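**Q** So here's data.cif, just mmCIF, N, CA and C atoms:
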```cif
data_model
loop_
_atom_site.label_atom_id
_atom_site.label_comp_id
_atom_site.auth_asym_id
_atom_site.auth_seq_id
_atom_site.Cartn_x
_atom_site.Cartn_y
_atom_site.Cartn_z
N MET A 1 0.82 -1.18 0.00
CA MET A 1 0.00 0.00 0.00
C MET A 1 0.86 1.25 0.00
N ALA A 2 2.02 1.19 0.62
CA ALA A 2 2.91 2.34 0.63
C ALA A 2 3.35 2.69 -0.79
N ALA A 3 3.58 1.69 -1.63
CA ALA A 3 3.98 1.96 -3.01
C ALA A 3 2.91 2.75 -3.74
N ARG A 4 1.66 2.42 -3.48
CA ARG A 4 0.55 3.14 -4.11
C ARG A 4 0.57 4.62 -3.73
N SER A 5 0.83 4.89 -2.45
CA SER A 5 0.91 6.26 -1.96
C SER A 5 2.06 7.00 -2.63
N GLU A 6 3.22 6.34 -2.75
CA GLU A 6 4.38 6.95 -3.38
C GLU A 6 4.12 7.22 -4.86
N GLU A 7 3.44 6.30 -5.53
CA GLU A 7 3.15 6.47 -6.95
C GLU A 7 2.25 7.67 -7.21
N SER A 8 1.36 7.95 -6.30
CA SER A 8 0.42 9.03 -6.54
C SER A 8 0.91 10.37 -6.02
N TYR A 9 2.03 10.39 -5.31
CA TYR A 9 2.52 11.66 -4.76
C TYR A 9 3.10 12.57 -5.83
N PHE A 10 3.88 12.04 -6.73
CA PHE A 10 4.57 12.92 -7.68
C PHE A 10 3.61 13.76 -8.53
N PRO A 11 2.52 13.22 -9.04
CA PRO A 11 1.61 14.10 -9.79
C PRO A 11 1.09 15.27 -8.94
N ARG A 12 0.86 15.03 -7.66
CA ARG A 12 0.43 16.13 -6.78
C ARG A 12 1.54 17.15 -6.62
N LEU A 13 2.77 16.66 -6.40
CA LEU A 13 3.91 17.55 -6.27
C LEU A 13 4.10 18.36 -7.55
N ALA A 14 3.98 17.68 -8.69
CA ALA A 14 4.15 18.35 -9.98
C ALA A 14 3.14 19.47 -10.17
N ALA A 15 1.92 19.25 -9.72
CA ALA A 15 0.89 20.28 -9.85
C ALA A 15 1.21 21.49 -8.98
N GLU A 16 1.84 21.25 -7.84
CA GLU A 16 2.20 22.34 -6.93
C GLU A 16 3.50 23.01 -7.33
N ARG A 17 4.44 22.23 -7.88
CA ARG A 17 5.79 22.73 -8.19
C ARG A 17 6.12 22.39 -9.64
N LEU A 18 5.64 23.21 -10.53
CA LEU A 18 5.87 23.02 -11.97
C LEU A 18 7.36 22.96 -12.28
N ASP A 19 8.17 23.74 -11.56
CA ASP A 19 9.61 23.74 -11.78
C ASP A 19 10.21 22.36 -11.55
N ILE A 20 9.78 21.70 -10.47
CA ILE A 20 10.31 20.37 -10.16
C ILE A 20 9.84 19.37 -11.20
N ALA A 21 8.58 19.45 -11.59
CA ALA A 21 8.05 18.55 -12.61
C ALA A 21 8.82 18.69 -13.91
N LEU A 22 9.09 19.93 -14.30
CA LEU A 22 9.81 20.17 -15.55
C LEU A 22 11.24 19.65 -15.46
N CYS A 23 11.88 19.84 -14.31
CA CYS A 23 13.24 19.32 -14.13
C CYS A 23 13.27 17.80 -14.21
N ARG A 24 12.31 17.14 -13.57
CA ARG A 24 12.27 15.68 -13.59
C ARG A 24 11.95 15.16 -14.99
N ALA A 25 11.00 15.79 -15.66
CA ALA A 25 10.67 15.38 -17.03
C ALA A 25 11.88 15.59 -17.94
N SER A 26 12.54 16.72 -17.77
CA SER A 26 13.72 17.02 -18.58
C SER A 26 14.82 15.98 -18.36
N ALA A 27 15.06 15.63 -17.11
CA ALA A 27 16.09 14.63 -16.81
C ALA A 27 15.74 13.28 -17.43
N SER A 28 14.48 12.90 -17.36
CA SER A 28 14.05 11.63 -17.93
C SER A 28 14.22 11.63 -19.45
N VAL A 29 13.80 12.70 -20.09
CA VAL A 29 13.94 12.80 -21.55
C VAL A 29 15.42 12.87 -21.93
N ALA A 30 16.23 13.59 -21.15
CA ALA A 30 17.66 13.69 -21.44
C ALA A 30 18.34 12.32 -21.38
N ARG A 31 17.99 11.52 -20.38
CA ARG A 31 18.57 10.17 -20.29
C ARG A 31 18.18 9.33 -21.51
N ALA A 32 16.91 9.40 -21.89
CA ALA A 32 16.44 8.65 -23.05
C ALA A 32 17.12 9.14 -24.33
N ALA A 33 17.29 10.46 -24.43
CA ALA A 33 17.93 11.03 -25.62
C ALA A 33 19.39 10.62 -25.72
N GLU A 34 20.10 10.65 -24.61
CA GLU A 34 21.51 10.24 -24.63
C GLU A 34 21.65 8.77 -25.01
N LYS A 35 20.75 7.93 -24.48
CA LYS A 35 20.79 6.50 -24.81
C LYS A 35 20.54 6.31 -26.30
N ALA A 36 19.50 6.96 -26.82
CA ALA A 36 19.17 6.83 -28.25
C ALA A 36 20.27 7.40 -29.12
N ALA A 37 20.82 8.53 -28.72
CA ALA A 37 21.90 9.15 -29.50
C ALA A 37 23.13 8.26 -29.51
N GLY A 38 23.43 7.66 -28.37
CA GLY A 38 24.57 6.76 -28.29
C GLY A 38 24.44 5.57 -29.23
N GLU A 39 23.20 5.11 -29.41
CA GLU A 39 22.96 4.00 -30.34
C GLU A 39 23.26 4.42 -31.78
N GLN A 40 23.18 5.71 -32.05
CA GLN A 40 23.47 6.24 -33.39
C GLN A 40 24.93 6.65 -33.53
N GLY A 41 25.69 6.57 -32.44
CA GLY A 41 27.11 6.90 -32.48
C GLY A 41 27.41 8.37 -32.23
N LEU A 42 26.42 9.15 -31.86
CA LEU A 42 26.61 10.56 -31.54
C LEU A 42 25.96 10.87 -30.21
N GLY A 43 26.60 11.71 -29.41
CA GLY A 43 25.93 12.22 -28.22
C GLY A 43 24.94 13.29 -28.63
N VAL A 44 24.06 13.67 -27.71
CA VAL A 44 23.07 14.70 -28.00
C VAL A 44 23.75 16.01 -28.38
N GLY A 45 24.76 16.41 -27.63
CA GLY A 45 25.47 17.64 -27.95
C GLY A 45 26.12 17.59 -29.32
N GLN A 46 26.71 16.45 -29.66
CA GLN A 46 27.32 16.29 -30.98
C GLN A 46 26.27 16.40 -32.07
N HIS A 47 25.12 15.77 -31.86
CA HIS A 47 24.03 15.83 -32.82
C HIS A 47 23.59 17.28 -33.02
N LEU A 48 23.42 18.00 -31.92
CA LEU A 48 22.99 19.41 -32.02
C LEU A 48 24.00 20.26 -32.78
N VAL A 49 25.27 20.06 -32.51
CA VAL A 49 26.31 20.83 -33.20
C VAL A 49 26.28 20.53 -34.69
N LEU A 50 26.22 19.26 -35.07
CA LEU A 50 26.19 18.91 -36.49
C LEU A 50 24.93 19.47 -37.16
N LYS A 51 23.81 19.41 -36.46
CA LYS A 51 22.55 19.93 -37.00
C LYS A 51 22.65 21.43 -37.27
N MET A 52 23.21 22.17 -36.32
CA MET A 52 23.34 23.61 -36.51
C MET A 52 24.33 23.94 -37.63
N LEU A 53 25.45 23.24 -37.66
CA LEU A 53 26.43 23.50 -38.72
C LEU A 53 25.85 23.20 -40.10
N ALA A 54 25.07 22.14 -40.21
CA ALA A 54 24.44 21.80 -41.49
C ALA A 54 23.43 22.87 -41.89
N ALA A 55 22.77 23.46 -40.90
CA ALA A 55 21.73 24.45 -41.19
C ALA A 55 22.28 25.85 -41.48
N VAL A 56 23.32 26.25 -40.76
CA VAL A 56 23.77 27.64 -40.88
C VAL A 56 25.18 27.81 -41.43
N GLY A 57 25.91 26.71 -41.57
CA GLY A 57 27.26 26.81 -42.11
C GLY A 57 28.28 26.96 -40.99
N PRO A 58 29.54 27.20 -41.37
CA PRO A 58 30.62 27.29 -40.38
C PRO A 58 30.33 28.33 -39.30
N CYS A 59 30.67 27.97 -38.08
CA CYS A 59 30.46 28.85 -36.92
C CYS A 59 31.66 28.73 -35.99
N SER A 60 31.85 29.72 -35.18
CA SER A 60 32.86 29.62 -34.13
C SER A 60 32.31 28.74 -33.01
N GLN A 61 33.20 28.19 -32.22
CA GLN A 61 32.77 27.40 -31.08
C GLN A 61 31.97 28.27 -30.12
N GLN A 62 32.32 29.54 -30.01
CA GLN A 62 31.60 30.44 -29.12
C GLN A 62 30.15 30.60 -29.57
N VAL A 63 29.94 30.79 -30.86
CA VAL A 63 28.57 30.93 -31.38
C VAL A 63 27.79 29.64 -31.17
N LEU A 64 28.42 28.51 -31.45
CA LEU A 64 27.76 27.22 -31.22
C LEU A 64 27.37 27.07 -29.76
N SER A 65 28.29 27.41 -28.87
CA SER A 65 28.05 27.31 -27.44
C SER A 65 26.88 28.19 -27.01
N GLU A 66 26.87 29.42 -27.48
CA GLU A 66 25.80 30.36 -27.09
C GLU A 66 24.46 29.96 -27.67
N GLU A 67 24.42 29.64 -28.95
CA GLU A 67 23.16 29.32 -29.61
C GLU A 67 22.55 28.02 -29.11
N LEU A 68 23.40 27.04 -28.84
CA LEU A 68 22.91 25.73 -28.41
C LEU A 68 22.83 25.59 -26.89
N ARG A 69 23.27 26.64 -26.20
CA ARG A 69 23.24 26.65 -24.73
C ARG A 69 24.02 25.49 -24.14
N ILE A 70 25.23 25.34 -24.67
CA ILE A 70 26.16 24.32 -24.19
C ILE A 70 27.33 25.07 -23.56
N ASP A 71 27.67 24.71 -22.34
CA ASP A 71 28.78 25.35 -21.65
C ASP A 71 30.03 25.36 -22.54
N ARG A 72 30.76 26.45 -22.51
CA ARG A 72 31.94 26.60 -23.39
C ARG A 72 32.96 25.49 -23.19
N SER A 73 33.20 25.10 -21.95
CA SER A 73 34.19 24.04 -21.70
C SER A 73 33.69 22.70 -22.25
N VAL A 74 32.39 22.46 -22.18
CA VAL A 74 31.81 21.24 -22.74
C VAL A 74 31.90 21.28 -24.27
N MET A 75 31.68 22.47 -24.84
CA MET A 75 31.74 22.62 -26.30
C MET A 75 33.11 22.26 -26.84
N VAL A 76 34.16 22.59 -26.12
CA VAL A 76 35.52 22.24 -26.56
C VAL A 76 35.63 20.72 -26.70
N GLY A 77 35.14 19.99 -25.72
CA GLY A 77 35.19 18.52 -25.77
C GLY A 77 34.35 17.96 -26.90
N ILE A 78 33.18 18.54 -27.12
CA ILE A 78 32.32 18.10 -28.22
C ILE A 78 33.02 18.32 -29.55
N ALA A 79 33.58 19.51 -29.73
CA ALA A 79 34.28 19.81 -30.98
C ALA A 79 35.49 18.89 -31.15
N ASP A 80 36.23 18.63 -30.07
CA ASP A 80 37.37 17.71 -30.14
C ASP A 80 36.92 16.33 -30.61
N ASP A 81 35.86 15.81 -29.98
CA ASP A 81 35.37 14.47 -30.33
C ASP A 81 34.86 14.41 -31.77
N LEU A 82 34.13 15.45 -32.19
CA LEU A 82 33.63 15.48 -33.57
C LEU A 82 34.78 15.57 -34.57
N GLU A 83 35.80 16.32 -34.22
CA GLU A 83 36.97 16.43 -35.12
C GLU A 83 37.71 15.10 -35.20
N LYS A 84 37.91 14.44 -34.07
CA LYS A 84 38.60 13.14 -34.06
C LYS A 84 37.84 12.11 -34.89
N ALA A 85 36.51 12.19 -34.87
CA ALA A 85 35.68 11.26 -35.64
C ALA A 85 35.60 11.64 -37.12
N GLY A 86 36.16 12.79 -37.48
CA GLY A 86 36.11 13.23 -38.87
C GLY A 86 34.80 13.89 -39.26
N HIS A 87 33.99 14.28 -38.28
CA HIS A 87 32.69 14.88 -38.57
C HIS A 87 32.74 16.39 -38.76
N VAL A 88 33.77 17.03 -38.21
CA VAL A 88 33.95 18.47 -38.39
C VAL A 88 35.42 18.76 -38.64
N ARG A 89 35.64 19.94 -39.16
CA ARG A 89 36.98 20.48 -39.36
C ARG A 89 37.02 21.79 -38.59
N ARG A 90 38.11 22.03 -37.84
CA ARG A 90 38.28 23.31 -37.16
C ARG A 90 39.48 24.03 -37.78
N GLU A 91 39.22 25.25 -38.18
CA GLU A 91 40.27 26.07 -38.76
C GLU A 91 40.18 27.45 -38.14
N ARG A 92 41.27 28.17 -38.15
CA ARG A 92 41.23 29.54 -37.65
C ARG A 92 40.21 30.32 -38.47
N ASP A 93 39.40 31.09 -37.77
CA ASP A 93 38.38 31.92 -38.42
C ASP A 93 39.09 33.09 -39.08
N PRO A 94 38.94 33.24 -40.40
CA PRO A 94 39.65 34.34 -41.07
C PRO A 94 39.20 35.73 -40.60
N ARG A 95 37.99 35.82 -40.03
CA ARG A 95 37.50 37.12 -39.53
C ARG A 95 38.01 37.41 -38.13
N ASP A 96 38.39 36.36 -37.38
CA ASP A 96 38.88 36.52 -36.02
C ASP A 96 39.88 35.41 -35.75
N ARG A 97 41.15 35.71 -35.91
CA ARG A 97 42.21 34.70 -35.81
C ARG A 97 42.28 34.06 -34.42
N ARG A 98 41.63 34.66 -33.41
CA ARG A 98 41.63 34.06 -32.07
C ARG A 98 40.62 32.93 -31.97
N ALA A 99 39.67 32.88 -32.91
CA ALA A 99 38.57 31.91 -32.85
C ALA A 99 38.75 30.83 -33.91
N TYR A 100 38.10 29.71 -33.66
CA TYR A 100 38.07 28.62 -34.63
C TYR A 100 36.72 28.62 -35.33
N ALA A 101 36.76 28.44 -36.65
CA ALA A 101 35.53 28.21 -37.41
C ALA A 101 35.36 26.70 -37.50
N VAL A 102 34.21 26.21 -37.12
CA VAL A 102 33.92 24.78 -37.15
C VAL A 102 33.04 24.53 -38.36
N THR A 103 33.45 23.56 -39.20
CA THR A 103 32.74 23.25 -40.43
C THR A 103 32.39 21.77 -40.45
N ILE A 104 31.17 21.46 -40.83
CA ILE A 104 30.77 20.05 -40.95
C ILE A 104 31.42 19.45 -42.19
N THR A 105 31.82 18.18 -42.08
CA THR A 105 32.43 17.46 -43.20
C THR A 105 31.38 16.54 -43.84
N ALA A 106 31.77 15.90 -44.94
CA ALA A 106 30.87 14.93 -45.58
C ALA A 106 30.55 13.79 -44.60
N GLY A 107 31.56 13.34 -43.85
CA GLY A 107 31.32 12.30 -42.85
C GLY A 107 30.37 12.77 -41.76
N GLY A 108 30.47 14.04 -41.39
CA GLY A 108 29.57 14.62 -40.41
C GLY A 108 28.15 14.66 -40.93
N ARG A 109 28.00 14.99 -42.21
CA ARG A 109 26.65 15.00 -42.81
C ARG A 109 26.04 13.60 -42.83
N GLN A 110 26.86 12.59 -43.09
CA GLN A 110 26.36 11.21 -43.07
C GLN A 110 25.94 10.79 -41.66
N ALA A 111 26.77 11.14 -40.67
CA ALA A 111 26.43 10.81 -39.28
C ALA A 111 25.16 11.53 -38.86
N LEU A 112 25.02 12.78 -39.27
CA LEU A 112 23.82 13.56 -38.95
C LEU A 112 22.59 12.94 -39.60
N ALA A 113 22.71 12.54 -40.86
CA ALA A 113 21.56 11.94 -41.56
C ALA A 113 21.11 10.66 -40.85
N LYS A 114 22.06 9.86 -40.41
CA LYS A 114 21.73 8.62 -39.68
C LYS A 114 21.00 8.96 -38.37
N ALA A 115 21.52 9.93 -37.64
CA ALA A 115 20.90 10.32 -36.37
C ALA A 115 19.52 10.94 -36.60
N GLU A 116 19.39 11.75 -37.62
CA GLU A 116 18.11 12.40 -37.92
C GLU A 116 17.06 11.36 -38.32
N ALA A 117 17.47 10.32 -39.03
CA ALA A 117 16.53 9.28 -39.45
C ALA A 117 15.95 8.54 -38.24
N ALA A 118 16.72 8.44 -37.17
CA ALA A 118 16.26 7.74 -35.98
C ALA A 118 15.42 8.62 -35.05
N THR A 119 15.47 9.93 -35.26
CA THR A 119 14.82 10.86 -34.33
C THR A 119 13.30 10.71 -34.26
N PRO A 120 12.57 10.62 -35.37
CA PRO A 120 11.11 10.51 -35.24
C PRO A 120 10.66 9.32 -34.40
N GLY A 121 11.28 8.19 -34.57
CA GLY A 121 10.93 7.01 -33.77
C GLY A 121 11.21 7.23 -32.29
N PHE A 122 12.36 7.84 -32.01
CA PHE A 122 12.70 8.16 -30.62
C PHE A 122 11.65 9.09 -30.01
N LEU A 123 11.30 10.14 -30.74
CA LEU A 123 10.31 11.10 -30.23
C LEU A 123 8.95 10.44 -30.01
N ASP A 124 8.55 9.58 -30.95
CA ASP A 124 7.27 8.88 -30.80
C ASP A 124 7.26 8.01 -29.55
N ARG A 125 8.37 7.30 -29.29
CA ARG A 125 8.45 6.45 -28.10
C ARG A 125 8.48 7.28 -26.83
N THR A 126 9.27 8.33 -26.83
CA THR A 126 9.48 9.13 -25.64
C THR A 126 8.24 9.92 -25.24
N PHE A 127 7.49 10.38 -26.23
CA PHE A 127 6.32 11.21 -25.95
C PHE A 127 5.01 10.48 -26.27
N ALA A 128 5.04 9.16 -26.17
CA ALA A 128 3.86 8.35 -26.49
C ALA A 128 2.66 8.68 -25.63
N ALA A 129 2.88 9.19 -24.42
CA ALA A 129 1.76 9.53 -23.53
C ALA A 129 1.01 10.78 -23.98
N LEU A 130 1.58 11.52 -24.92
CA LEU A 130 0.96 12.75 -25.39
C LEU A 130 0.38 12.56 -26.79
N SER A 131 -0.77 13.19 -27.03
CA SER A 131 -1.34 13.18 -28.38
C SER A 131 -0.50 14.12 -29.26
N ALA A 132 -0.73 14.06 -30.55
CA ALA A 132 -0.01 14.95 -31.46
C ALA A 132 -0.27 16.42 -31.11
N GLY A 133 -1.50 16.73 -30.78
CA GLY A 133 -1.85 18.10 -30.39
C GLY A 133 -1.16 18.52 -29.10
N GLU A 134 -1.07 17.61 -28.15
CA GLU A 134 -0.39 17.91 -26.89
C GLU A 134 1.11 18.11 -27.11
N ARG A 135 1.68 17.31 -28.01
CA ARG A 135 3.10 17.50 -28.34
C ARG A 135 3.33 18.86 -28.97
N ASP A 136 2.44 19.26 -29.87
CA ASP A 136 2.56 20.59 -30.49
C ASP A 136 2.44 21.68 -29.42
N GLN A 137 1.51 21.51 -28.52
CA GLN A 137 1.31 22.49 -27.44
C GLN A 137 2.54 22.54 -26.54
N LEU A 138 3.09 21.38 -26.19
CA LEU A 138 4.29 21.34 -25.36
C LEU A 138 5.44 22.05 -26.07
N ALA A 139 5.61 21.80 -27.35
CA ALA A 139 6.68 22.45 -28.11
C ALA A 139 6.51 23.97 -28.10
N ALA A 140 5.29 24.43 -28.27
CA ALA A 140 5.03 25.88 -28.26
C ALA A 140 5.33 26.47 -26.89
N LEU A 141 4.90 25.80 -25.83
CA LEU A 141 5.14 26.30 -24.48
C LEU A 141 6.62 26.31 -24.14
N LEU A 142 7.32 25.25 -24.50
CA LEU A 142 8.76 25.21 -24.24
C LEU A 142 9.48 26.29 -25.05
N GLY A 143 9.03 26.52 -26.27
CA GLY A 143 9.61 27.60 -27.08
C GLY A 143 9.47 28.94 -26.39
N LYS A 144 8.31 29.18 -25.78
CA LYS A 144 8.10 30.43 -25.03
C LYS A 144 9.06 30.54 -23.87
N LEU A 145 9.19 29.45 -23.12
CA LEU A 145 10.09 29.47 -21.96
C LEU A 145 11.54 29.71 -22.39
N LEU A 146 11.94 29.09 -23.47
CA LEU A 146 13.33 29.18 -23.91
C LEU A 146 13.67 30.53 -24.52
N THR A 147 12.69 31.25 -25.02
CA THR A 147 12.98 32.57 -25.59
C THR A 147 12.75 33.69 -24.58
N ALA A 148 12.23 33.35 -23.41
CA ALA A 148 11.93 34.37 -22.39
C ALA A 148 13.18 34.87 -21.67
N ASP A 149 14.25 34.10 -21.69
CA ASP A 149 15.43 34.52 -20.92
C ASP A 149 16.35 35.40 -21.67
#
```
Step by step, read the file and then write its structure as structure tokens.
**A**
Amino acid sequence: MAARSEESYFPRLAAERLDIALCRASASVARAAEKAAGEQGLGVGQHLVLKMLAAVGPCSQQVLSEELRIDRSVMVGIADDLEKAGHVRRERDPRDRRAYAVTITAGGRQALAKAEAATPGFLDRTFAALSAGERDQLAALLGKLLTAD
């Protein structure tokens, strides 16, 4: 009977403390995303970097870090790992010799395509408790929260 009480407590807590609910949901989704990304051979951060580079072209590590909200010290490791795997090239930025321009390679585009192909299935499994309309609503609400800061 105690397990039943524990199972029903979190929804009550979540209703009272939206911040805690969002943190717990985020942690759960992050764990699932890292596991799924690892199966594709890329971490979530690596996937995000390749996705942005494919969309906008070469960027400095600083711009990648700021836009993707990845700590600068973590971004260095991500860029190192992507470069070692042959997914990106880092060269001195001709506009700012102190910075590196990070460019996606053909191998990076292939790795990104593989990861992107697996994403819809991952999202369907992870958000199966939500209807398509609820997923759209969640995306819109999260977008508001992320642009408010």
**Q** Range 95-102 of chain A, all listed atoms, 4 Å padding on each side: what axis-aligned box centre and edge lengths in Å to one decimal come out, as JSON?
**A**
```
{"center_x": 37.7, "center_y": 31.0, "center_z": -36.0, "size_x": 17.2, "size_y": 20.9, "size_z": 16.1}
```
**Q** Which residues would end up in the selection if the PyMOL selection byres ((chain A and resi 59) around 5) were applied here, given that I need the answer as a ChimeraX atom specification?
**A** /A:57-58,60-61,101-102
**Q** How would you write, as a PyMOL selection string, the set of residues in range 5-106 of chain A that DSSP gives as strand (DSSP E or B)?
**A** chain A and resi 59-60+88-93+96-104
**Q** Between CA of Ala117 in chain A and atom C of Gln40 in chain A, what is the distance in Å, rounded to a tenth?
**A**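 About the pair CA of Ala117 in chain A and atom C of Gln40 in chain A: they are 10.6 Å apart.
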**Q** Rounded to one decimal place, report the atom N of Ala139 in chain A-atom C of Ile78 in chain A distance in Å.
**A** 27.7 Å
**Q** Check what the PyMOL selection byres (((chain A and resi 33 and name CA) around 10) and name CA) selects in the file above and give those residues as a PyMOL selection string.
**A** chain A and resi 27-32+34-39+43-44+119+122-123+126
**Q** Assign secondary structure with DSSP using the backbone only, and return the residues of chain A in helix (DSSP H, G or I) as number ranges by chain.
**A** A: 2-16, 18-40, 44-56, 61-68, 72-84, 106-126, 132-147
**Q** Selection in question (the file shown): the PyMOL selection byres (((chain A and resi 106 and name CA) around 12) and name CA). Which residues does it include, as a ChimeraX atom specification?
**A** /A:50,53-54,85-89,103-105,107-113
**Q** Distance atom C of Val49 in chain A-atom N of Leu138 in chain A, one decimal place?
**A**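 Atom-to-atom, atom C of Val49 in chain A and atom N of Leu138 in chain A are spaced 24.7 Å apart.
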